[in-house]
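Here is the structure we will look at.
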Amino acid sequence: MTDLPHSADAVVVGGGILGAATARALARTGMKPLLLEARAFGGAVTGASLAAIGTHMHGIEEYPLLRHAGQLWSDLAEATGNPFEYNRQGKLCYILHPEDRAVGADWVAREQALGAEVALLTPEEAREREPLMTGPLIGATWAPDTATVNPFLGLRTVLRLAREAGATAVANTPVTALRIDGGRIAGVETSCGAVSAPHVVLTGGPWTARLAAMAGIVLPIRPRQAQCLASMRQPPGTIRRVISACERAGGVDSGYTQIQQAASGQVLFNTVTAPFDPPEGAQDHIHEVPPGFVLESIETLLMLFPSLAAQPLLRSWVRFEGVTPDSRFLAGSLPLPGLHVAAGDNGSGYCRALMLADHLVAAVTGAGGLPEDLAALAARFYAPMRFAQRDAA
């Protein structure tokens with residue numbers, strides 16, 4: 001077990017992929033950060049992620065940042081020999097209703113205008129890319145840049161690189177209070193003792209609002225339930241692409257359903273429940289998967305992939321992700337000097353993790369970080385107190 005140091009140049013609270021990436025980014029500047037995790041590294045949202053890396057149907061305004069985020073993952077895979085199963089297999093967003101084809105065409109046109117290699121496909125063209133998807137499609141969108149990584153191996157790789165760069169990482173050490181002295185952050189109190197630090201970065205996913213409240217700061221991040229299931233191992237290439245729902249006319253379904261095959265051979269299915277207010281502290285407990293989700297997932301899988309009818313399911317699970325009112329990250333400095341945040345990922349934090357870590361470097365150190373044009377966009381797009389400003393207006 002790593003001993004808890006008495007001081008650090010910065011404390012990063014939350015040992016998921018974003019926390020590990022932030023600790024690595026800070027360490028690469030020469031700082032000596034401390035990464036703290038209340039339980040096991042990657043044991044919450046990160047470990048349950050399907051870890052898709054891509055730009056398609058994630059937002060036009062954010063597109064340059066997402067493109068850069070994806071390139072950072074590609075570069076990391078090349079630099080490290082790809083120990084985390086980076087796989088650029090492309091993404092198909094299926095269209096089932098005639099009125100939704102225009103929505104898919106609009107997304108494709110807007111992303112093509114930004115230089116994306118996306119396309120609107122006929123059912124026949126979609127099946128050329130995904131032969132077993134023989135369900136009643138009327139079309140699909142296609143984005144060849146989408147990749148996946150193994151979420152556990154991705155975290156282990158980034159955590160290893162953070163430590164090699166000079167970061168210290170300690171698990172099973174909950175933060176119990178933020179230390180404040182002279183109107184600025186001074187460190188943290190933990191279950192194992194106090195740590196002095198001039199900077200604290202909150203990357204605690206659905207627990208982040210609770211952490212910020214220790215400093216009297218209200219962040220509109222709430223937990224949202226996401227549900228997943230996995231089949232027994234199937235032959236390689238059973239599902240070749242990331243499969244998702246196209247955004248629908250009159251409502252956003254994009255990203256709320258995701259199907260893919262892991263390198264292990266398991267077919268994975270993920271969806272997010274309709275927005276609702278979960279009970280207080282829901283993210284603190286392990287929940288049973290609602291039977292209705294399993295049945296609906298099976299129904300969707302069999303509609304799209306009829307040949308999988310005889311395949312047994314292995315397991316299912318529930319996780320909670322942190323989301324904001326506009327489903328965009330809060331990332332940057334908070335009103336209390338020395339306190340920073342990156343949370344509210346809408347379930348897609350893995351994709352953005354390396355990019356947001358660089359964004360936070362500039363917030364903490366005042367230098368470096370993202371390229372200048374992207375830094376300005378990130379500062380505006382992810383402004384952490386934008387809702388407080390809106391309420392004041």
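Residues in the structure tokens are named by chain (A, B, ... in the order shown) and by number from 1 within that chain; ligands are numbered from 1 in the order shown.
With only C-alpha atoms taken into account, the protein and nucleic acid residues at most 10 Å from A:Ala105 (excluding it and anything under 6 positions from it in its own chain) are Glu111, Ala119, Leu120, Leu121, Ala140 and Thr141 of chain A.
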*Distance query A:Pro64 at most 9 Å, only C-alpha atoms, self and fewer than 2 positions along chain excluded, as number ranges by chain*: A: 55, 60-62, 66-69, 114, 374, 377
With N, CA and C atoms retained, write the just-selected residues as an mmCIF file, in the first residue's frame.
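The new file part.cif reads:
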data_model
loop_
_atom_site.group_PDB
_atom_site.id
_atom_site.type_symbol
_atom_site.label_atom_id
_atom_site.label_comp_id
_atom_site.auth_asym_id
_atom_site.auth_seq_id
_atom_site.Cartn_x
_atom_site.Cartn_y
_atom_site.Cartn_z
ATOM 1 N N THR A 55 -16.384 11.276 -32.488
ATOM 2 C CA THR A 55 -16.961 12.615 -32.624
ATOM 3 C C THR A 55 -18.423 12.609 -33.056
ATOM 4 N N ILE A 60 -21.987 19.660 -32.523
ATOM 5 C CA ILE A 60 -21.252 20.382 -33.551
ATOM 6 C C ILE A 60 -20.291 21.390 -32.935
ATOM 7 N N GLU A 61 -20.729 22.144 -31.943
ATOM 8 C CA GLU A 61 -19.873 23.171 -31.346
ATOM 9 C C GLU A 61 -18.634 22.549 -30.711
ATOM 10 N N GLU A 62 -18.780 21.360 -30.150
ATOM 11 C CA GLU A 62 -17.673 20.692 -29.462
ATOM 12 C C GLU A 62 -16.793 19.888 -30.413
ATOM 13 N N LEU A 66 -13.528 17.336 -29.599
ATOM 14 C CA LEU A 66 -13.673 15.884 -29.668
ATOM 15 C C LEU A 66 -12.684 15.267 -30.649
ATOM 16 N N ARG A 67 -12.470 15.944 -31.769
ATOM 17 C CA ARG A 67 -11.508 15.448 -32.756
ATOM 18 C C ARG A 67 -10.104 15.399 -32.141
ATOM 19 N N HIS A 68 -9.756 16.445 -31.389
ATOM 20 C CA HIS A 68 -8.456 16.468 -30.716
ATOM 21 C C HIS A 68 -8.386 15.380 -29.645
ATOM 22 N N ALA A 69 -9.483 15.190 -28.905
ATOM 23 C CA ALA A 69 -9.516 14.155 -27.867
ATOM 24 C C ALA A 69 -9.283 12.773 -28.453
ATOM 25 N N LEU A 114 -17.448 20.266 -41.447
ATOM 26 C CA LEU A 114 -16.316 20.457 -40.540
ATOM 27 C C LEU A 114 -15.136 19.558 -40.910
ATOM 28 N N LEU A 374 -8.184 25.778 -29.279
ATOM 29 C CA LEU A 374 -9.005 24.824 -28.539
ATOM 30 C C LEU A 374 -9.147 25.239 -27.080
ATOM 31 N N LEU A 377 -11.978 27.659 -26.837
ATOM 32 C CA LEU A 377 -13.256 26.979 -26.990
ATOM 33 C C LEU A 377 -13.610 26.199 -25.731
#
Enumerate, as an mmCIF file with N, CA and C atoms, in the first residue's frame, the complete set of residues in stretch 45-254 of chain A that a backbone-based DSSP assignment places in strand (DSSP E or B).
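Final file, part.cif:
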data_model
loop_
_atom_site.group_PDB
_atom_site.id
_atom_site.type_symbol
_atom_site.label_atom_id
_atom_site.label_comp_id
_atom_site.auth_asym_id
_atom_site.auth_seq_id
_atom_site.Cartn_x
_atom_site.Cartn_y
_atom_site.Cartn_z
ATOM 1 N N ALA A 52 -16.172 4.382 -25.672
ATOM 2 C CA ALA A 52 -16.113 4.719 -27.090
ATOM 3 C C ALA A 52 -15.418 6.064 -27.264
ATOM 4 N N ILE A 53 -14.576 6.146 -28.286
ATOM 5 C CA ILE A 53 -13.804 7.348 -28.576
ATOM 6 C C ILE A 53 -14.215 7.830 -29.965
ATOM 7 N N ASN A 87 -9.139 0.222 -30.618
ATOM 8 C CA ASN A 87 -9.633 -0.422 -31.842
ATOM 9 C C ASN A 87 -10.505 0.566 -32.605
ATOM 10 N N LYS A 91 -18.380 3.587 -36.391
ATOM 11 C CA LYS A 91 -19.662 3.599 -35.696
ATOM 12 C C LYS A 91 -20.807 3.699 -36.695
ATOM 13 N N LEU A 92 -21.794 2.837 -36.512
ATOM 14 C CA LEU A 92 -23.037 2.872 -37.277
ATOM 15 C C LEU A 92 -24.171 3.306 -36.359
ATOM 16 N N CYS A 93 -24.893 4.347 -36.739
ATOM 17 C CA CYS A 93 -26.083 4.781 -36.002
ATOM 18 C C CYS A 93 -27.310 4.378 -36.815
ATOM 19 N N TYR A 94 -28.056 3.436 -36.307
ATOM 20 C CA TYR A 94 -29.164 2.865 -37.071
ATOM 21 C C TYR A 94 -30.379 3.794 -37.081
ATOM 22 N N ILE A 95 -31.086 3.780 -38.207
ATOM 23 C CA ILE A 95 -32.302 4.567 -38.407
ATOM 24 C C ILE A 95 -33.448 3.596 -38.681
ATOM 25 N N ALA A 119 -20.997 9.593 -43.363
ATOM 26 C CA ALA A 119 -21.845 9.334 -44.527
ATOM 27 C C ALA A 119 -23.213 8.859 -44.075
ATOM 28 N N LEU A 120 -24.208 9.080 -44.939
ATOM 29 C CA LEU A 120 -25.550 8.529 -44.756
ATOM 30 C C LEU A 120 -25.654 7.296 -45.642
ATOM 31 N N LEU A 121 -25.996 6.149 -45.037
ATOM 32 C CA LEU A 121 -25.973 4.879 -45.754
ATOM 33 C C LEU A 121 -27.371 4.349 -46.022
ATOM 34 N N GLY A 139 -31.973 2.843 -42.922
ATOM 35 C CA GLY A 139 -30.727 3.532 -43.213
ATOM 36 C C GLY A 139 -29.859 3.585 -41.977
ATOM 37 N N ALA A 140 -28.723 4.251 -42.093
ATOM 38 C CA ALA A 140 -27.799 4.413 -40.968
ATOM 39 C C ALA A 140 -26.837 5.540 -41.296
ATOM 40 N N THR A 141 -26.265 6.122 -40.266
ATOM 41 C CA THR A 141 -25.143 7.024 -40.464
ATOM 42 C C THR A 141 -23.866 6.255 -40.158
ATOM 43 N N TRP A 142 -22.768 6.689 -40.743
ATOM 44 C CA TRP A 142 -21.494 5.975 -40.621
ATOM 45 C C TRP A 142 -20.385 6.957 -40.300
ATOM 46 N N ALA A 143 -19.629 6.658 -39.240
ATOM 47 C CA ALA A 143 -18.493 7.478 -38.830
ATOM 48 C C ALA A 143 -17.288 6.564 -38.643
ATOM 49 N N ALA A 147 -13.580 4.756 -32.222
ATOM 50 C CA ALA A 147 -12.780 3.649 -31.702
ATOM 51 C C ALA A 147 -13.314 3.259 -30.327
ATOM 52 N N THR A 148 -12.841 2.148 -29.821
ATOM 53 C CA THR A 148 -13.102 1.753 -28.442
ATOM 54 C C THR A 148 -11.779 1.381 -27.790
ATOM 55 N N THR A 168 1.740 10.416 -7.304
ATOM 56 C CA THR A 168 1.468 9.404 -6.292
ATOM 57 C C THR A 168 -0.021 9.103 -6.341
ATOM 58 N N ALA A 169 -0.392 7.831 -6.280
ATOM 59 C CA ALA A 169 -1.799 7.434 -6.357
ATOM 60 C C ALA A 169 -2.124 6.540 -5.170
ATOM 61 N N VAL A 170 -3.179 6.892 -4.434
ATOM 62 C CA VAL A 170 -3.563 6.160 -3.228
ATOM 63 C C VAL A 170 -5.052 5.845 -3.305
ATOM 64 N N VAL A 175 -11.938 11.412 0.697
ATOM 65 C CA VAL A 175 -11.762 12.788 1.149
ATOM 66 C C VAL A 175 -12.963 13.156 2.008
ATOM 67 N N THR A 176 -12.704 13.597 3.223
ATOM 68 C CA THR A 176 -13.777 13.921 4.163
ATOM 69 C C THR A 176 -14.034 15.421 4.292
ATOM 70 N N ALA A 177 -13.067 16.241 3.858
ATOM 71 C CA ALA A 177 -13.241 17.699 3.927
ATOM 72 C C ALA A 177 -12.198 18.364 3.042
ATOM 73 N N LEU A 178 -12.527 19.565 2.590
ATOM 74 C CA LEU A 178 -11.568 20.414 1.890
ATOM 75 C C LEU A 178 -10.992 21.412 2.890
ATOM 76 N N ARG A 179 -9.695 21.551 2.877
ATOM 77 C CA ARG A 179 -9.036 22.501 3.779
ATOM 78 C C ARG A 179 -8.963 23.870 3.112
ATOM 79 N N ILE A 180 -9.410 24.897 3.824
ATOM 80 C CA ILE A 180 -9.434 26.265 3.304
ATOM 81 C C ILE A 180 -8.716 27.165 4.296
ATOM 82 N N ASP A 181 -7.817 27.999 3.790
ATOM 83 C CA ASP A 181 -7.046 28.894 4.649
ATOM 84 C C ASP A 181 -6.832 30.208 3.906
ATOM 85 N N ARG A 184 -8.500 30.609 0.343
ATOM 86 C CA ARG A 184 -8.129 29.769 -0.789
ATOM 87 C C ARG A 184 -7.956 28.330 -0.311
ATOM 88 N N ILE A 185 -7.900 27.421 -1.272
ATOM 89 C CA ILE A 185 -7.763 26.016 -0.940
ATOM 90 C C ILE A 185 -6.398 25.768 -0.315
ATOM 91 N N ALA A 186 -6.356 24.858 0.666
ATOM 92 C CA ALA A 186 -5.086 24.558 1.340
ATOM 93 C C ALA A 186 -4.820 23.062 1.409
ATOM 94 N N GLY A 187 -5.685 22.256 0.823
ATOM 95 C CA GLY A 187 -5.480 20.811 0.840
ATOM 96 C C GLY A 187 -6.762 20.075 1.149
ATOM 97 N N VAL A 188 -6.638 18.853 1.641
ATOM 98 C CA VAL A 188 -7.793 18.014 1.928
ATOM 99 C C VAL A 188 -7.592 17.274 3.248
ATOM 100 N N GLU A 189 -8.699 16.925 3.865
ATOM 101 C CA GLU A 189 -8.721 15.975 4.970
ATOM 102 C C GLU A 189 -9.220 14.647 4.406
ATOM 103 N N THR A 190 -8.600 13.561 4.799
ATOM 104 C CA THR A 190 -9.010 12.242 4.335
ATOM 105 C C THR A 190 -9.235 11.311 5.512
ATOM 106 N N GLY A 193 -5.836 10.896 7.111
ATOM 107 C CA GLY A 193 -5.029 12.025 7.521
ATOM 108 C C GLY A 193 -5.153 13.205 6.579
ATOM 109 N N ALA A 194 -4.464 14.283 6.903
ATOM 110 C CA ALA A 194 -4.536 15.520 6.129
ATOM 111 C C ALA A 194 -3.403 15.588 5.112
ATOM 112 N N VAL A 195 -3.695 16.279 3.982
ATOM 113 C CA VAL A 195 -2.698 16.526 2.944
ATOM 114 C C VAL A 195 -2.755 18.007 2.593
ATOM 115 N N SER A 196 -1.617 18.682 2.698
ATOM 116 C CA SER A 196 -1.547 20.091 2.311
ATOM 117 C C SER A 196 -1.259 20.195 0.822
ATOM 118 N N VAL A 200 -6.515 21.734 -5.580
ATOM 119 C CA VAL A 200 -7.320 20.514 -5.497
ATOM 120 C C VAL A 200 -8.199 20.456 -6.737
ATOM 121 N N VAL A 201 -8.191 19.311 -7.406
ATOM 122 C CA VAL A 201 -8.994 19.115 -8.614
ATOM 123 C C VAL A 201 -10.030 18.033 -8.326
ATOM 124 N N LEU A 202 -11.303 18.367 -8.518
ATOM 125 C CA LEU A 202 -12.402 17.432 -8.242
ATOM 126 C C LEU A 202 -12.790 16.714 -9.526
ATOM 127 N N ARG A 222 -25.876 15.874 -11.254
ATOM 128 C CA ARG A 222 -26.711 14.864 -10.597
ATOM 129 C C ARG A 222 -26.408 13.490 -11.171
ATOM 130 N N PRO A 223 -26.610 12.460 -10.384
ATOM 131 C CA PRO A 223 -26.372 11.112 -10.900
ATOM 132 C C PRO A 223 -27.498 10.663 -11.825
ATOM 133 N N ARG A 224 -27.137 9.987 -12.878
ATOM 134 C CA ARG A 224 -28.118 9.417 -13.791
ATOM 135 C C ARG A 224 -27.795 7.941 -13.992
ATOM 136 N N GLN A 225 -28.832 7.134 -13.959
ATOM 137 C CA GLN A 225 -28.642 5.691 -14.022
ATOM 138 C C GLN A 225 -28.400 5.214 -15.447
ATOM 139 N N ALA A 226 -27.345 4.459 -15.618
ATOM 140 C CA ALA A 226 -27.047 3.792 -16.885
ATOM 141 C C ALA A 226 -27.009 2.291 -16.628
ATOM 142 N N GLN A 227 -27.410 1.515 -17.622
ATOM 143 C CA GLN A 227 -27.583 0.073 -17.440
ATOM 144 C C GLN A 227 -26.899 -0.665 -18.572
ATOM 145 N N CYS A 228 -26.245 -1.758 -18.229
ATOM 146 C CA CYS A 228 -25.450 -2.497 -19.200
ATOM 147 C C CYS A 228 -25.709 -3.991 -19.059
ATOM 148 N N LEU A 229 -25.473 -4.710 -20.140
ATOM 149 C CA LEU A 229 -25.466 -6.165 -20.068
ATOM 150 C C LEU A 229 -24.397 -6.700 -21.004
ATOM 151 N N ALA A 230 -23.999 -7.940 -20.757
ATOM 152 C CA ALA A 230 -22.966 -8.588 -21.567
ATOM 153 C C ALA A 230 -23.385 -10.023 -21.842
ATOM 154 N N SER A 231 -23.101 -10.485 -23.056
ATOM 155 C CA SER A 231 -23.386 -11.869 -23.440
ATOM 156 C C SER A 231 -22.191 -12.749 -23.102
ATOM 157 N N MET A 232 -22.363 -14.040 -23.257
ATOM 158 C CA MET A 232 -21.221 -14.940 -23.255
ATOM 159 C C MET A 232 -20.336 -14.593 -24.454
ATOM 160 N N ARG A 233 -19.111 -15.068 -24.440
ATOM 161 C CA ARG A 233 -18.188 -14.777 -25.541
ATOM 162 C C ARG A 233 -18.721 -15.319 -26.861
ATOM 163 N N VAL A 242 -19.123 -0.211 -33.622
ATOM 164 C CA VAL A 242 -19.924 0.350 -32.539
ATOM 165 C C VAL A 242 -21.290 0.670 -33.122
ATOM 166 N N ILE A 243 -22.325 0.157 -32.494
ATOM 167 C CA ILE A 243 -23.697 0.352 -32.980
ATOM 168 C C ILE A 243 -24.418 1.269 -32.003
ATOM 169 N N SER A 244 -25.054 2.305 -32.536
ATOM 170 C CA SER A 244 -25.777 3.242 -31.692
ATOM 171 C C SER A 244 -27.053 3.663 -32.397
ATOM 172 N N ALA A 245 -27.930 4.328 -31.647
ATOM 173 C CA ALA A 245 -29.160 4.856 -32.219
ATOM 174 C C ALA A 245 -28.912 6.241 -32.799
ATOM 175 N N ARG A 248 -33.197 11.055 -32.938
ATOM 176 C CA ARG A 248 -34.551 10.962 -33.486
ATOM 177 C C ARG A 248 -35.196 12.331 -33.629
ATOM 178 N N GLY A 251 -36.632 14.218 -30.392
ATOM 179 C CA GLY A 251 -36.018 13.762 -29.148
ATOM 180 C C GLY A 251 -34.655 13.168 -29.404
#
*asked:* Among stretch 135-248 of chain A, which residues does DSSP mark as helix (DSSP H, G or I) when it is run on the backbone? Keep the chain and numbering as in the structure and answer as a list of chain:residue names.
replied: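 The helix (DSSP H, G or I) subset of stretch 135-248 of chain A is A:Pro151, A:Phe152, A:Leu153, A:Gly154, A:Leu155, A:Arg156, A:Thr157, A:Val158, A:Leu159, A:Arg160, A:Leu161, A:Ala162, A:Arg163, A:Glu164, A:Ala165, A:Gly205, A:Pro206, A:Trp207, A:Thr208, A:Ala209, A:Arg210, A:Leu211, A:Ala212, A:Ala213.
For the choices A:Asn172, A:Asn270, A:Gln311, A:Thr365, the atom-to-atom distance to A:Gly43 is smallest for A:Asn172 when using only C-alpha atoms.
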*Quick one: everything within 12 Å of A:Gly368, counting only C-alpha atoms, minus sequence neighbours fewer than 2 positions away in the same chain. Send it as JSON, numbers by chain.*
{"A": [25, 26, 28, 29, 357, 358, 359, 360, 361, 362, 363, 364, 365, 366, 370, 371, 372, 374, 375]}
